[in-house]
Amino acid sequence: MKVALIGFPLSGRTTLFEALSGGHAREGVASIPIPDARLEQLAQLAGAKKVTPAALEWRDDLPDFNPEKPETARQPLSVARQSDALVCVLRAFDSPYAPYHAPIDPTRDLNFWLDEFVLSDLQVIENRLERLTKLFQSHKESAADRAEHALLERMHRVLSAGESLREFEVPRELEPRLRGFGFLTRKPMVVVANVGERVLGDEARSEMLQRLSALCAARALPLVSLCATFERDLRHLPEAEQAEFLQMMGVAEPALPRLVRTVYEQLRLQVFYTMSDELRAWLLPQGGTALDAAATIHSDIARGFIRAEVCPADEVVAAGGWKAAHKANKVQVVGKEYVMRDGDVIYVRFNV
Ligand SMILES: Nc1nc2c(ncn2[C@@H]2O[C@H](COP(=O)(O)OP(=O)(O)O)[C@@H](O)[C@H]2O)c(=O)[nH]1
Ligand SMILES: [Mg+2]
């Protein structure tokens, strides 16, 4: 699962990325674990030689563009299409060097991106409709081509009204046809207000942030305010000094775990665990089955699936381990169709 950082030059994307990755990531790609209290509890039980959290792949590798020539925004947008979620970073900090941001106005900047996403999706749809129309003229189309055409026309109408496709319902059978388009306005998105050090801990009093917050609420976009340089500096401090630094700045807790968590929630995923020598957390779309979980672990395990044993992680922790959960009759035997619950531990019996 890929998360792309998008924003104007000098909005603080790379600073945020460094804060997230600890500055060790090469080429703007870093695997960032999802904070997971259950995994820590499972790890306390004896036995796991290695613990692997579930992670999302964060990317700060979109080509930059020149805000004085908005048409150059097409390049970052076409790369952003390949991601699963967007984090839109808005400059809300003031500093003397702000060539593209004078005056500082994150609400204006967010509106710029929202408009660009709509225009860009419209362009993709228009190109595709044109190609489908040509196909119809040669009478070589299938029923599915017709259905796609009708669907794209409906989507076009929504976008033309300036709305996103986030709430647009797509019939399941047409979903595979849309995948390649990577519609930007259908992607889960989180807005980041990169505020200055002076505003930290006092966001509620900032009129600028209140306006941004109102726009985000109207568009049902989650908003996280943070100060990227502060988060980066915090991360580089020894753990013992972090609490003091937070207190000094009037900040209750670091913002990054909240940001990572918010992105994860927008992706509508769930976590499941496997416990062997390695304790590992995996991601699965909500509604995924035991067979889907098996396929996530390994295609061979899915192919040879016989049955699975499942138990909620909390019960495993309460019992004191997987074997103990068995003894306490907490482990359930299920088939391929079983719908996984968030936090299930699974053991798949398979035969290849
Ligand atoms: N004061 C302040 N400066 C910041 C903050 N975030 C980024 N900057 C500065 O803004 C400049 C551009 O940041 P950068 O992360 O490279 O932006 P990018 O172009 O979006 O990747 C750098 O000089 C950063 O140190 C912030 O939260 N507060
Ligand atoms: Mg950068």
# chains A, B, ... in the order shown; residues from 1 in each chain; ligands from 1
>>> residues_near_ligand(ligand="ligand 2", cutoff="7 Å", atoms="only C-alpha atoms and all ligand atoms", output="NGL selection string")
:A and (9-10 or 12-14)
>>> closest_atom_pairs(of="chain A", to="ligand 1", cutoff="12 Å", atoms="only C-alpha atoms and all ligand atoms", output="Markdown table")
| residue | atom | partner | partner_atom_place_in_ligand_line | distance |
| --- | --- | --- | --- | --- |
| A:Leu5 | CA | ligand 1 | 20 (O) | 8.7 |
| A:Ile6 | CA | ligand 1 | 20 (O) | 8.0 |
| A:Gly7 | CA | ligand 1 | 20 (O) | 6.2 |
| A:Phe8 | CA | ligand 1 | 20 (O) | 6.0 |
| A:Pro9 | CA | ligand 1 | 19 (O) | 3.8 |
| A:Leu10 | CA | ligand 1 | 19 (O) | 3.5 |
| A:Ser11 | CA | ligand 1 | 20 (O) | 3.9 |
| A:Gly12 | CA | ligand 1 | 15 (O) | 3.2 |
| A:Arg13 | CA | ligand 1 | 20 (O) | 3.8 |
| A:Thr14 | CA | ligand 1 | 15 (O) | 3.7 |
| A:Thr15 | CA | ligand 1 | 15 (O) | 3.6 |
| A:Leu16 | CA | ligand 1 | 15 (O) | 6.3 |
| A:Phe17 | CA | ligand 1 | 15 (O) | 7.8 |
| A:Glu18 | CA | ligand 1 | 15 (O) | 8.3 |
| A:Ala19 | CA | ligand 1 | 15 (O) | 9.8 |
| A:Leu20 | CA | ligand 1 | 15 (O) | 11.9 |
| A:Gly23 | CA | ligand 1 | 15 (O) | 11.8 |
| A:Gly28 | CA | ligand 1 | 21 (O) | 10.2 |
| A:Arg59 | CA | ligand 1 | 21 (O) | 11.4 |
| A:Asp60 | CA | ligand 1 | 21 (O) | 7.8 |
| A:Asp61 | CA | ligand 1 | 21 (O) | 9.5 |
| A:Leu62 | CA | ligand 1 | 21 (O) | 9.8 |
| A:Pro63 | CA | ligand 1 | 19 (O) | 10.3 |
| A:Asp64 | CA | ligand 1 | 19 (O) | 7.8 |
| A:Phe65 | CA | ligand 1 | 19 (O) | 10.0 |
| A:Asn66 | CA | ligand 1 | 19 (O) | 11.2 |
| A:Pro67 | CA | ligand 1 | 19 (O) | 11.8 |
| A:Val87 | CA | ligand 1 | 20 (O) | 11.8 |
| A:Cys88 | CA | ligand 1 | 20 (O) | 10.1 |
| A:Val89 | CA | ligand 1 | 20 (O) | 7.5 |
| A:Leu90 | CA | ligand 1 | 20 (O) | 8.6 |
| A:Arg91 | CA | ligand 1 | 6 (N) | 7.7 |
| A:Ala92 | CA | ligand 1 | 27 (O) | 7.9 |
| A:Phe93 | CA | ligand 1 | 28 (N) | 5.4 |
| A:Asp94 | CA | ligand 1 | 1 (N) | 6.6 |
| A:Ser95 | CA | ligand 1 | 1 (N) | 5.9 |
| A:Pro96 | CA | ligand 1 | 1 (N) | 9.3 |
| A:Tyr97 | CA | ligand 1 | 10 (O) | 8.1 |
| A:Ala98 | CA | ligand 1 | 10 (O) | 8.4 |
| A:Pro99 | CA | ligand 1 | 12 (C) | 11.0 |
| A:Tyr100 | CA | ligand 1 | 19 (O) | 10.8 |
| A:His101 | CA | ligand 1 | 10 (O) | 11.3 |
| A:Val192 | CA | ligand 1 | 27 (O) | 10.8 |
| A:Ala193 | CA | ligand 1 | 27 (O) | 9.0 |
| A:Asn194 | CA | ligand 1 | 27 (O) | 5.2 |
| A:Val195 | CA | ligand 1 | 27 (O) | 5.4 |
| A:Gly196 | CA | ligand 1 | 28 (N) | 4.6 |
| A:Glu197 | CA | ligand 1 | 28 (N) | 6.0 |
| A:Arg198 | CA | ligand 1 | 1 (N) | 8.8 |
| A:Val199 | CA | ligand 1 | 27 (O) | 9.9 |
| A:Leu200 | CA | ligand 1 | 27 (O) | 9.5 |
| A:Ser225 | CA | ligand 1 | 27 (O) | 9.9 |
| A:Leu226 | CA | ligand 1 | 27 (O) | 7.3 |
| A:Cys227 | CA | ligand 1 | 27 (O) | 3.9 |
| A:Ala228 | CA | ligand 1 | 27 (O) | 4.1 |
| A:Thr229 | CA | ligand 1 | 27 (O) | 4.6 |
| A:Phe230 | CA | ligand 1 | 27 (O) | 6.5 |
| A:Glu231 | CA | ligand 1 | 27 (O) | 8.3 |
| A:Arg232 | CA | ligand 1 | 6 (N) | 9.2 |
| A:Asp233 | CA | ligand 1 | 27 (O) | 10.6 |
>>> closest_atom_pairs(of="segment 37-143 of chain A", to="segment 158-177 of chain A", cutoff="10 Å", atoms="only C-alpha atoms", output="Markdown table")
| residue | atom | partner | partner_atom | distance |
| --- | --- | --- | --- | --- |
| A:Leu114 | CA | A:Ser164 | CA | 8.3 |
| A:Asp115 | CA | A:Gly162 | CA | 7.5 |
| A:Phe117 | CA | A:Ser164 | CA | 8.3 |
| A:Val118 | CA | A:Leu159 | CA | 6.0 |
| A:Leu119 | CA | A:Leu159 | CA | 7.9 |
| A:Ser120 | CA | A:Leu159 | CA | 9.9 |
| A:Asp121 | CA | A:Leu159 | CA | 7.8 |
| A:Leu122 | CA | A:Leu159 | CA | 6.6 |
| A:Ile125 | CA | A:Leu159 | CA | 9.9 |
>>> write_last_selection(atoms="N, CA and C atoms", output="PDB file, in the first residue's frame")
ATOM      1  N   LEU A 114      -7.593  20.364  -4.734  1.00  0.00           N
ATOM      2  CA  LEU A 114      -8.895  19.720  -4.950  1.00  0.00           C
ATOM      3  C   LEU A 114      -9.362  19.980  -6.382  1.00  0.00           C
ATOM      4  N   ASP A 115      -9.177  21.211  -6.866  1.00  0.00           N
ATOM      5  CA  ASP A 115      -9.554  21.534  -8.252  1.00  0.00           C
ATOM      6  C   ASP A 115      -8.710  20.742  -9.243  1.00  0.00           C
ATOM      7  N   PHE A 117      -7.250  17.884  -8.834  1.00  0.00           N
ATOM      8  CA  PHE A 117      -7.630  16.464  -8.833  1.00  0.00           C
ATOM      9  C   PHE A 117      -8.867  16.261  -9.702  1.00  0.00           C
ATOM     10  N   VAL A 118      -9.837  17.153  -9.560  1.00  0.00           N
ATOM     11  CA  VAL A 118     -11.073  17.039 -10.336  1.00  0.00           C
ATOM     12  C   VAL A 118     -10.770  17.186 -11.834  1.00  0.00           C
ATOM     13  N   LEU A 119      -9.997  18.209 -12.176  1.00  0.00           N
ATOM     14  CA  LEU A 119      -9.684  18.454 -13.592  1.00  0.00           C
ATOM     15  C   LEU A 119      -8.917  17.274 -14.186  1.00  0.00           C
ATOM     16  N   SER A 120      -8.000  16.754 -13.395  1.00  0.00           N
ATOM     17  CA  SER A 120      -7.178  15.662 -13.873  1.00  0.00           C
ATOM     18  C   SER A 120      -8.013  14.396 -14.104  1.00  0.00           C
ATOM     19  N   ASP A 121      -8.929  14.113 -13.175  1.00  0.00           N
ATOM     20  CA  ASP A 121      -9.808  12.944 -13.359  1.00  0.00           C
ATOM     21  C   ASP A 121     -10.733  13.151 -14.559  1.00  0.00           C
ATOM     22  N   LEU A 122     -11.210  14.377 -14.734  1.00  0.00           N
ATOM     23  CA  LEU A 122     -12.068  14.660 -15.896  1.00  0.00           C
ATOM     24  C   LEU A 122     -11.319  14.365 -17.192  1.00  0.00           C
ATOM     25  N   ILE A 125     -11.107  10.700 -17.865  1.00  0.00           N
ATOM     26  CA  ILE A 125     -12.403  10.167 -18.304  1.00  0.00           C
ATOM     27  C   ILE A 125     -12.680  10.571 -19.749  1.00  0.00           C
TER      28      ILE A 125
END
>>> select_by_dssp(residues="segment 92-282 of chain A", states="alpha helix (DSSP H)", output="PyMOL selection string")
chain A and resi 106-137+143-160+175-179+207-218+228-236+239-248+256-266
>>> select_by_dssp(residues="segment 45-258 of chain A", states="strand (DSSP E or B)", output="PyMOL selection string")
chain A and resi 50-52+55-59+85-92+189-195+223-226
